[in-house]
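The data block below is run_33.tsv; it holds TSV, N, CA and C atoms.
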```tsv
chain	number	residue	atom	x	y	z
A	11	MET	N	105.36	121.97	124.29
A	11	MET	CA	105.68	120.93	123.32
A	11	MET	C	106.64	119.94	123.96
A	12	SER	N	106.36	118.67	123.79
A	12	SER	CA	107.24	117.68	124.39
A	12	SER	C	108.51	117.53	123.56
A	13	ALA	N	109.55	117.08	124.22
A	13	ALA	CA	110.86	117.00	123.58
A	13	ALA	C	110.89	116.00	122.44
A	14	ASN	N	110.09	114.93	122.52
A	14	ASN	CA	110.14	113.91	121.47
A	14	ASN	C	109.12	114.15	120.36
A	15	ARG	N	108.34	115.21	120.46
A	15	ARG	CA	107.35	115.52	119.44
A	15	ARG	C	108.02	116.32	118.33
A	16	PRO	N	107.80	115.95	117.06
A	16	PRO	CA	108.43	116.69	115.97
A	16	PRO	C	107.91	118.12	115.90
A	17	ARG	N	108.67	118.97	115.26
A	17	ARG	CA	108.31	120.37	115.13
A	17	ARG	C	107.51	120.59	113.85
A	18	TRP	N	106.58	121.56	113.91
A	18	TRP	CA	105.77	121.93	112.75
A	18	TRP	C	106.66	122.35	111.58
A	19	THR	N	107.66	123.17	111.85
A	19	THR	CA	108.52	123.65	110.75
A	19	THR	C	109.24	122.48	110.08
A	20	GLY	N	109.63	121.48	110.87
A	20	GLY	CA	110.27	120.30	110.28
A	20	GLY	C	109.33	119.54	109.38
A	21	LEU	N	108.06	119.45	109.77
A	21	LEU	CA	107.06	118.78	108.94
A	21	LEU	C	106.82	119.56	107.66
A	22	VAL	N	106.71	120.87	107.77
A	22	VAL	CA	106.53	121.71	106.57
A	22	VAL	C	107.72	121.55	105.64
A	23	GLU	N	108.92	121.54	106.18
A	23	GLU	CA	110.13	121.37	105.36
A	23	GLU	C	110.13	120.01	104.67
A	24	ALA	N	109.73	118.96	105.38
A	24	ALA	CA	109.68	117.62	104.79
A	24	ALA	C	108.67	117.57	103.64
A	25	VAL	N	107.51	118.21	103.82
A	25	VAL	CA	106.51	118.25	102.76
A	25	VAL	C	107.01	119.09	101.59
A	26	GLN	N	107.66	120.21	101.88
A	26	GLN	CA	108.20	121.06	100.82
A	26	GLN	C	109.21	120.28	99.98
A	27	ASP	N	110.05	119.51	100.65
A	27	ASP	CA	111.05	118.70	99.95
A	27	ASP	C	110.39	117.59	99.15
A	28	ALA	N	109.46	116.87	99.76
A	28	ALA	CA	108.80	115.75	99.09
A	28	ALA	C	107.99	116.22	97.87
A	29	GLY	N	107.32	117.35	98.02
A	29	GLY	CA	106.47	117.85	96.94
A	29	GLY	C	107.15	118.83	96.01
A	30	GLN	N	108.42	119.16	96.32
A	30	GLN	CA	109.19	120.11	95.52
A	30	GLN	C	108.45	121.43	95.37
A	31	TYR	N	107.87	121.89	96.48
A	31	TYR	CA	107.16	123.17	96.48
A	31	TYR	C	108.15	124.32	96.52
A	32	ALA	N	107.80	125.40	95.85
A	32	ALA	CA	108.70	126.55	95.73
A	32	ALA	C	108.91	127.27	97.06
A	33	THR	N	107.89	127.30	97.89
A	33	THR	CA	107.99	128.05	99.14
A	33	THR	C	107.45	127.23	100.31
A	34	PRO	N	107.90	127.54	101.51
A	34	PRO	CA	107.31	126.89	102.69
A	34	PRO	C	105.82	127.20	102.81
A	35	ALA	N	105.40	128.38	102.42
A	35	ALA	CA	103.98	128.76	102.52
A	35	ALA	C	103.12	127.85	101.64
A	36	GLU	N	103.58	127.52	100.46
A	36	GLU	CA	102.84	126.61	99.58
A	36	GLU	C	102.76	125.22	100.20
A	37	ALA	N	103.88	124.74	100.73
A	37	ALA	CA	103.91	123.43	101.37
A	37	ALA	C	102.99	123.41	102.58
A	38	GLU	N	102.99	124.48	103.37
A	38	GLU	CA	102.15	124.55	104.56
A	38	GLU	C	100.67	124.53	104.18
A	39	HIS	N	100.31	125.25	103.13
A	39	HIS	CA	98.91	125.27	102.70
A	39	HIS	C	98.45	123.86	102.30
A	40	VAL	N	99.24	123.19	101.49
A	40	VAL	CA	98.92	121.83	101.06
A	40	VAL	C	98.86	120.91	102.28
A	41	LEU	N	99.80	121.02	103.19
A	41	LEU	CA	99.84	120.21	104.40
A	41	LEU	C	98.55	120.37	105.21
A	42	ARG	N	98.12	121.60	105.40
A	42	ARG	CA	96.89	121.85	106.16
A	42	ARG	C	95.67	121.24	105.48
A	43	VAL	N	95.57	121.38	104.18
A	43	VAL	CA	94.42	120.84	103.45
A	43	VAL	C	94.39	119.32	103.52
A	44	VAL	N	95.53	118.68	103.31
A	44	VAL	CA	95.58	117.21	103.31
A	44	VAL	C	95.34	116.67	104.72
A	45	LEU	N	95.95	117.27	105.73
A	45	LEU	CA	95.72	116.80	107.10
A	45	LEU	C	94.26	116.99	107.51
A	46	SER	N	93.66	118.08	107.08
A	46	SER	CA	92.25	118.32	107.36
A	46	SER	C	91.40	117.22	106.73
A	47	ALA	N	91.69	116.89	105.48
A	47	ALA	CA	90.95	115.81	104.79
A	47	ALA	C	91.19	114.48	105.49
A	48	LEU	N	92.43	114.22	105.93
A	48	LEU	CA	92.72	112.98	106.63
A	48	LEU	C	91.95	112.92	107.94
A	49	GLY	N	91.78	114.05	108.59
A	49	GLY	CA	91.01	114.11	109.82
A	49	GLY	C	89.55	113.70	109.64
A	50	ASP	N	89.07	113.75	108.40
A	50	ASP	CA	87.71	113.30	108.09
A	50	ASP	C	87.61	111.78	108.10
A	51	HIS	N	88.75	111.08	108.12
A	51	HIS	CA	88.75	109.64	107.89
A	51	HIS	C	89.34	108.79	108.99
A	52	VAL	N	90.29	109.31	109.73
A	52	VAL	CA	90.97	108.51	110.75
A	52	VAL	C	90.15	108.55	112.04
A	53	THR	N	89.90	107.37	112.59
A	53	THR	CA	89.05	107.25	113.78
A	53	THR	C	89.74	106.43	114.86
A	54	GLY	N	89.11	106.34	116.00
A	54	GLY	CA	89.52	105.45	117.07
A	54	GLY	C	90.88	105.77	117.66
A	55	GLU	N	91.50	104.71	118.19
A	55	GLU	CA	92.81	104.85	118.83
A	55	GLU	C	93.86	105.36	117.84
A	56	GLU	N	93.70	105.00	116.57
A	56	GLU	CA	94.67	105.45	115.56
A	56	GLU	C	94.64	106.97	115.44
A	57	ARG	N	93.45	107.55	115.51
A	57	ARG	CA	93.31	109.01	115.44
A	57	ARG	C	94.04	109.66	116.63
A	58	VAL	N	93.80	109.12	117.81
A	58	VAL	CA	94.43	109.65	119.02
A	58	VAL	C	95.95	109.51	118.93
A	59	ASP	N	96.42	108.33	118.55
A	59	ASP	CA	97.86	108.09	118.48
A	59	ASP	C	98.52	108.93	117.40
A	60	LEU	N	97.84	109.10	116.27
A	60	LEU	CA	98.40	109.93	115.20
A	60	LEU	C	98.50	111.38	115.66
A	61	ALA	N	97.47	111.88	116.31
A	61	ALA	CA	97.51	113.26	116.82
A	61	ALA	C	98.64	113.44	117.83
A	62	ARG	N	98.86	112.44	118.67
A	62	ARG	CA	99.94	112.52	119.67
A	62	ARG	C	101.32	112.51	119.01
A	63	ALA	N	101.44	111.82	117.87
A	63	ALA	CA	102.74	111.67	117.22
A	63	ALA	C	103.09	112.86	116.33
A	64	LEU	N	102.10	113.61	115.92
A	64	LEU	CA	102.32	114.75	115.02
A	64	LEU	C	102.72	115.99	115.81
A	65	PRO	N	103.34	116.97	115.13
A	65	PRO	CA	103.55	118.27	115.79
A	65	PRO	C	102.20	118.83	116.25
A	66	GLU	N	102.22	119.63	117.31
A	66	GLU	CA	100.97	120.13	117.90
A	66	GLU	C	100.07	120.83	116.88
A	67	GLU	N	100.64	121.66	116.02
A	67	GLU	CA	99.83	122.36	115.02
A	67	GLU	C	99.16	121.37	114.07
A	68	ALA	N	99.89	120.36	113.65
A	68	ALA	CA	99.34	119.33	112.76
A	68	ALA	C	98.25	118.54	113.48
A	69	ALA	N	98.46	118.25	114.74
A	69	ALA	CA	97.47	117.51	115.52
A	69	ALA	C	96.17	118.31	115.62
A	70	ARG	N	96.28	119.63	115.80
A	70	ARG	CA	95.08	120.47	115.87
A	70	ARG	C	94.31	120.44	114.55
A	71	VAL	N	95.02	120.51	113.43
A	71	VAL	CA	94.36	120.47	112.11
A	71	VAL	C	93.64	119.13	111.94
A	72	LEU	N	94.30	118.05	112.25
A	72	LEU	CA	93.72	116.71	112.13
A	72	LEU	C	92.50	116.55	113.04
A	73	ALA	N	92.66	116.96	114.28
A	73	ALA	CA	91.61	116.74	115.29
A	73	ALA	C	90.44	117.71	115.15
A	74	SER	N	90.60	118.76	114.38
A	74	SER	CA	89.52	119.74	114.23
A	74	SER	C	88.37	119.22	113.38
A	75	ARG	N	88.59	118.11	112.71
A	75	ARG	CA	87.59	117.54	111.81
A	75	ARG	C	86.81	116.44	112.50
A	76	ILE	N	85.54	116.33	112.16
A	76	ILE	CA	84.69	115.25	112.65
A	76	ILE	C	84.72	114.14	111.59
A	77	PRO	N	85.15	112.94	111.96
A	77	PRO	CA	85.25	111.87	110.97
A	77	PRO	C	83.91	111.53	110.32
A	78	LEU	N	83.99	111.18	109.06
A	78	LEU	CA	82.81	110.73	108.32
A	78	LEU	C	82.39	109.36	108.83
A	79	ASN	N	81.12	109.04	108.68
A	79	ASN	CA	80.64	107.70	109.07
A	79	ASN	C	81.26	106.62	108.21
A	80	THR	N	81.43	106.89	106.94
A	80	THR	CA	82.05	105.95	106.01
A	80	THR	C	83.18	106.67	105.29
A	81	PRO	N	84.43	106.21	105.45
A	81	PRO	CA	85.54	106.89	104.78
A	81	PRO	C	85.41	106.80	103.26
A	82	LEU	N	85.91	107.81	102.60
A	82	LEU	CA	85.93	107.81	101.14
A	82	LEU	C	86.95	106.80	100.64
A	83	SER	N	86.75	106.32	99.42
A	83	SER	CA	87.78	105.50	98.78
A	83	SER	C	88.99	106.40	98.53
A	84	ALA	N	90.13	105.81	98.25
A	84	ALA	CA	91.34	106.60	98.00
A	84	ALA	C	91.13	107.58	96.84
A	85	PRO	N	90.55	107.16	95.69
A	85	PRO	CA	90.32	108.13	94.62
A	85	PRO	C	89.35	109.24	95.03
A	86	GLU	N	88.33	108.90	95.82
A	86	GLU	CA	87.40	109.93	96.29
A	86	GLU	C	88.10	110.89	97.26
A	87	PHE	N	89.01	110.36	98.07
A	87	PHE	CA	89.79	111.20	98.98
A	87	PHE	C	90.61	112.22	98.19
A	88	VAL	N	91.27	111.75	97.14
A	88	VAL	CA	92.06	112.65	96.29
A	88	VAL	C	91.16	113.70	95.66
A	89	ASP	N	89.98	113.29	95.19
A	89	ASP	CA	89.03	114.24	94.61
A	89	ASP	C	88.58	115.27	95.64
A	90	ALA	N	88.38	114.84	96.88
A	90	ALA	CA	87.97	115.76	97.94
A	90	ALA	C	89.06	116.79	98.21
A	91	VAL	N	90.31	116.36	98.18
A	91	VAL	CA	91.43	117.29	98.35
A	91	VAL	C	91.48	118.25	97.16
A	92	ALA	N	91.27	117.74	95.95
A	92	ALA	CA	91.27	118.59	94.76
A	92	ALA	C	90.23	119.70	94.88
A	93	ALA	N	89.07	119.37	95.45
A	93	ALA	CA	88.01	120.35	95.60
A	93	ALA	C	88.38	121.44	96.61
A	94	ARG	N	89.30	121.15	97.51
A	94	ARG	CA	89.71	122.12	98.54
A	94	ARG	C	90.90	122.98	98.11
A	95	LEU	N	91.54	122.61	97.01
A	95	LEU	CA	92.71	123.35	96.54
A	95	LEU	C	92.39	124.06	95.23
A	96	GLU	N	92.66	125.33	95.19
A	96	GLU	CA	92.39	126.11	93.99
A	96	GLU	C	93.20	125.59	92.81
A	97	ASP	N	92.54	125.45	91.67
A	97	ASP	CA	93.17	125.02	90.41
A	97	ASP	C	93.78	123.63	90.44
A	98	ALA	N	93.37	122.79	91.37
A	98	ALA	CA	93.93	121.44	91.44
A	98	ALA	C	93.18	120.52	90.48
A	99	THR	N	93.93	119.71	89.78
A	99	THR	CA	93.38	118.65	88.94
A	99	THR	C	93.49	117.36	89.73
A	100	PRO	N	92.85	116.27	89.28
A	100	PRO	CA	93.05	115.00	89.98
A	100	PRO	C	94.54	114.61	90.07
A	101	ALA	N	95.30	114.88	89.02
A	101	ALA	CA	96.72	114.51	89.02
A	101	ALA	C	97.51	115.36	90.02
A	102	THR	N	97.26	116.68	90.04
A	102	THR	CA	98.00	117.52	90.99
A	102	THR	C	97.54	117.25	92.41
A	103	ALA	N	96.27	116.96	92.59
A	103	ALA	CA	95.78	116.63	93.94
A	103	ALA	C	96.43	115.35	94.44
A	104	ARG	N	96.58	114.36	93.58
A	104	ARG	CA	97.25	113.12	93.99
A	104	ARG	C	98.69	113.41	94.41
A	105	TRP	N	99.37	114.30	93.67
A	105	TRP	CA	100.73	114.70	94.00
A	105	TRP	C	100.75	115.35	95.39
A	106	HIS	N	99.81	116.28	95.62
A	106	HIS	CA	99.75	116.98	96.91
A	106	HIS	C	99.51	115.99	98.05
A	107	VAL	N	98.54	115.11	97.86
A	107	VAL	CA	98.21	114.12	98.89
A	107	VAL	C	99.43	113.25	99.19
A	108	SER	N	100.06	112.74	98.15
A	108	SER	CA	101.24	111.88	98.35
A	108	SER	C	102.41	112.63	98.96
A	109	SER	N	102.54	113.91	98.61
A	109	SER	CA	103.64	114.72	99.17
A	109	SER	C	103.50	114.86	100.68
A	110	VAL	N	102.28	114.91	101.16
A	110	VAL	CA	102.05	115.02	102.61
A	110	VAL	C	102.08	113.63	103.25
A	111	LEU	N	101.26	112.72	102.74
A	111	LEU	CA	101.12	111.43	103.42
A	111	LEU	C	102.39	110.59	103.37
A	112	SER	N	103.20	110.74	102.33
A	112	SER	CA	104.42	109.93	102.23
A	112	SER	C	105.48	110.31	103.26
A	113	VAL	N	105.38	111.50	103.84
A	113	VAL	CA	106.35	111.86	104.89
A	113	VAL	C	105.93	111.34	106.26
A	114	LEU	N	104.67	110.95	106.41
A	114	LEU	CA	104.19	110.53	107.73
A	114	LEU	C	104.83	109.26	108.27
A	115	PRO	N	105.06	108.20	107.45
A	115	PRO	CA	105.68	107.00	108.04
A	115	PRO	C	107.03	107.30	108.71
A	116	GLY	N	107.85	108.14	108.08
A	116	GLY	CA	109.14	108.47	108.68
A	116	GLY	C	109.02	109.36	109.90
A	117	LEU	N	107.92	110.08	110.01
A	117	LEU	CA	107.71	111.00	111.11
A	117	LEU	C	107.03	110.33	112.31
A	118	VAL	N	106.00	109.55	112.04
A	118	VAL	CA	105.20	108.96	113.14
A	118	VAL	C	105.43	107.47	113.31
A	119	GLY	N	106.14	106.86	112.38
A	119	GLY	CA	106.43	105.44	112.47
A	119	GLY	C	105.58	104.60	111.54
A	120	HIS	N	106.19	103.60	110.96
A	120	HIS	CA	105.50	102.72	110.01
A	120	HIS	C	104.39	101.91	110.69
A	121	GLU	N	104.62	101.51	111.95
A	121	GLU	CA	103.62	100.70	112.65
A	121	GLU	C	102.31	101.48	112.81
A	122	LEU	N	102.40	102.74	113.19
A	122	LEU	CA	101.20	103.57	113.35
A	122	LEU	C	100.52	103.80	112.00
A	123	VAL	N	101.30	104.08	110.98
A	123	VAL	CA	100.72	104.28	109.64
A	123	VAL	C	100.04	103.00	109.17
A	124	ASP	N	100.64	101.85	109.44
A	124	ASP	CA	100.01	100.58	109.07
A	124	ASP	C	98.68	100.39	109.80
A	125	ARG	N	98.62	100.79	111.06
A	125	ARG	CA	97.36	100.70	111.80
A	125	ARG	C	96.31	101.63	111.21
A	126	VAL	N	96.72	102.83	110.84
A	126	VAL	CA	95.80	103.78	110.19
A	126	VAL	C	95.30	103.18	108.88
A	127	LEU	N	96.20	102.62	108.11
A	127	LEU	CA	95.82	102.03	106.82
A	127	LEU	C	94.86	100.86	106.99
A	128	ASP	N	95.02	100.10	108.06
A	128	ASP	CA	94.11	98.98	108.32
A	128	ASP	C	92.68	99.44	108.51
A	129	ARG	N	92.50	100.68	108.94
A	129	ARG	CA	91.16	101.21	109.20
A	129	ARG	C	90.58	101.96	108.00
A	130	LEU	N	91.38	102.17	106.98
A	130	LEU	CA	90.93	102.89	105.79
A	130	LEU	C	90.63	101.90	104.66
A	131	PRO	N	89.80	102.31	103.70
A	131	PRO	CA	89.54	101.42	102.55
A	131	PRO	C	90.84	101.14	101.79
A	132	SER	N	90.87	100.06	101.04
A	132	SER	CA	92.07	99.73	100.27
A	132	SER	C	92.35	100.86	99.28
A	133	GLY	N	93.62	101.00	98.93
A	133	GLY	CA	94.02	102.02	97.99
A	133	GLY	C	94.79	103.17	98.62
A	134	TYR	N	94.70	103.31	99.92
A	134	TYR	CA	95.38	104.42	100.58
A	134	TYR	C	96.88	104.20	100.74
A	135	ALA	N	97.32	102.95	100.78
A	135	ALA	CA	98.74	102.66	101.05
A	135	ALA	C	99.65	103.38	100.06
A	136	LEU	N	99.29	103.37	98.80
A	136	LEU	CA	100.13	104.03	97.80
A	136	LEU	C	100.23	105.53	98.05
A	137	LEU	N	99.18	106.13	98.57
A	137	LEU	CA	99.22	107.56	98.88
A	137	LEU	C	100.22	107.86	100.00
A	138	PHE	N	100.43	106.87	100.87
A	138	PHE	CA	101.40	107.00	101.96
A	138	PHE	C	102.80	106.54	101.53
A	139	GLY	N	102.95	106.23	100.25
A	139	GLY	CA	104.25	105.79	99.74
A	139	GLY	C	104.58	104.37	100.14
A	140	LYS	N	103.57	103.56	100.41
A	140	LYS	CA	103.77	102.18	100.84
A	140	LYS	C	103.15	101.25	99.81
A	141	ALA	N	103.74	100.09	99.65
A	141	ALA	CA	103.15	99.08	98.78
A	141	ALA	C	101.88	98.54	99.43
A	142	GLU	N	100.92	98.20	98.61
A	142	GLU	CA	99.68	97.63	99.14
A	142	GLU	C	99.63	96.16	98.76
A	143	LEU	N	99.59	95.33	99.76
A	143	LEU	CA	99.52	93.89	99.50
A	143	LEU	C	98.06	93.51	99.26
A	144	VAL	N	97.85	92.74	98.24
A	144	VAL	CA	96.50	92.27	97.94
A	144	VAL	C	96.53	90.75	98.02
A	145	LEU	N	95.73	90.21	98.91
A	145	LEU	CA	95.65	88.76	99.07
A	145	LEU	C	94.59	88.21	98.14
A	146	THR	N	94.94	87.19	97.40
A	146	THR	CA	93.97	86.55	96.52
A	146	THR	C	93.79	85.12	96.96
A	147	ALA	N	92.61	84.60	96.71
A	147	ALA	CA	92.31	83.23	97.11
A	147	ALA	C	92.90	82.23	96.15
```

What do you get writing this file as structure tokens?
Amino acid sequence: MSANRPRWTGLVEAVQDAGQYATPAEAEHVLRVVLSALGDHVTGEERVDLARALPEEAARVLASRIPLNTPLSAPEFVDAVAARLEDATPATARWHVSSVLSVLPGLVGHELVDRVLDRLPSGYALLFGKAELVLTA
């Protein structure tokens, strides 16, 4: 593990704090499910850079997935996470997704997250805890 790469336990702790999960095991389970779902969507240089910036265990979870040809919309992404978590409703799945994705800008940098968001359909910014600018004519 490189010296400047964050630690897996630190990421789990950040997710546990953000999501107010009772145990590290619960936070870790949610983290794995959300990162796996994100791995279905992030492509190109952003995928490589995100994997490099994450703790090694998180990078393996992300990189283990083959990206979809067409990324899901943000609501469809939340629904996909709900389907992977036992007893999750759309509301709890959104909480889980935001609990994981909102810690990423502070961990991997806002510039990288902005690049990832540029490659995803609109609507994902809020899941990352970022405002989404909408340009109108």

Surrounding residues of Phe87 in chain A excluding itself and chain neighbours under 6 positions, 8 Å, all atoms listed in the file, as a VMD selection string: chain A and resid 47 81 93 103 to 104 107

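What separates atom C of Leu21 in chain A from CA of Ala141 in chain A is a distance of 22.6 Å.
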
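For the set A:Ala63, A:Val126, A:Ala98, A:Val110, the residue with the smallest atom-to-atom gap to Ala24 in chain A is A:Val110, counting only N, CA and C atoms.
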
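Using all atoms listed in the file, the nearest neighbour of Val52 in chain A within the list A:Glu38, A:Ala92, A:Val22, A:Arg129 is A:Arg129.
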
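Summary of the local environment: counting only N, CA and C atoms, residues at most 8 Å from Glu67 in chain A, other than itself and those fewer than 5 positions away along its chain, are Arg17, Trp18, Leu72 and Ala73 of chain A.
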
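Neighbours of Ser83 in chain A closer than or equal to 8 Å, with only N, CA and C atoms counted and sequence neighbours fewer than 3 positions away skipped, come out as Thr80, Glu86, Phe87, Val88, Asp89, Leu130, Pro131, Ser132, Gly133 and Tyr134 of chain A.
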
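You will find atom C of Asp128 in chain A at 29.0 Å from CA of Thr19 in chain A.
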
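When atom N of Glu55 in chain A is paired with atom N of Pro85 in chain A, their separation reads 22.7 Å.
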
Pro34 in chain A environment, 7 Å, all atoms listed in the file, sequence neighbours closer than 5 positions dropped, as JSON, numbers by chain: {"A": [22, 23, 26, 39]}

List every residue of chain A that DSSP, applied to the backbone of this structure, places in alpha helix (DSSP H), and write the result as a PyMOL selection string. chain A and resi 18-29+34-49+54-63+66-73+84-94+100-111+114-118+120-129

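With all atoms listed in the file as the atoms that count, the minimum distance from Leu137 in chain A to the choices A:Asp27, A:Val123, A:Asn79, A:Ser112 is reached by A:Ser112.
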
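The smallest atom-to-atom distance between Val113 in chain A and any of A:Pro16, A:Pro100, A:Pro65, A:Gly139, using only N, CA and C atoms, is found for A:Gly139.
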
Near Leu122 in chain A, counting only C-alpha atoms, which residues have an atom at most 12 Å away, once you skip same-chain residues fewer than 3 positions from it, shown as an NGL selection string? :A and (52 or 55-64 or 114-119 or 125-129 or 138)

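Between Leu95 in chain A and the candidates A:Val44, A:Leu136, A:Ala32, A:Leu111, the tightest atom-to-atom separation, counting only C-alpha atoms, involves A:Val44.
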
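Each of A:Ala135, A:Ala35, A:Leu45, A:Val91 was compared to Ala68 in chain A using only N, CA and C atoms, and A:Leu45 turns out to be the nearest.
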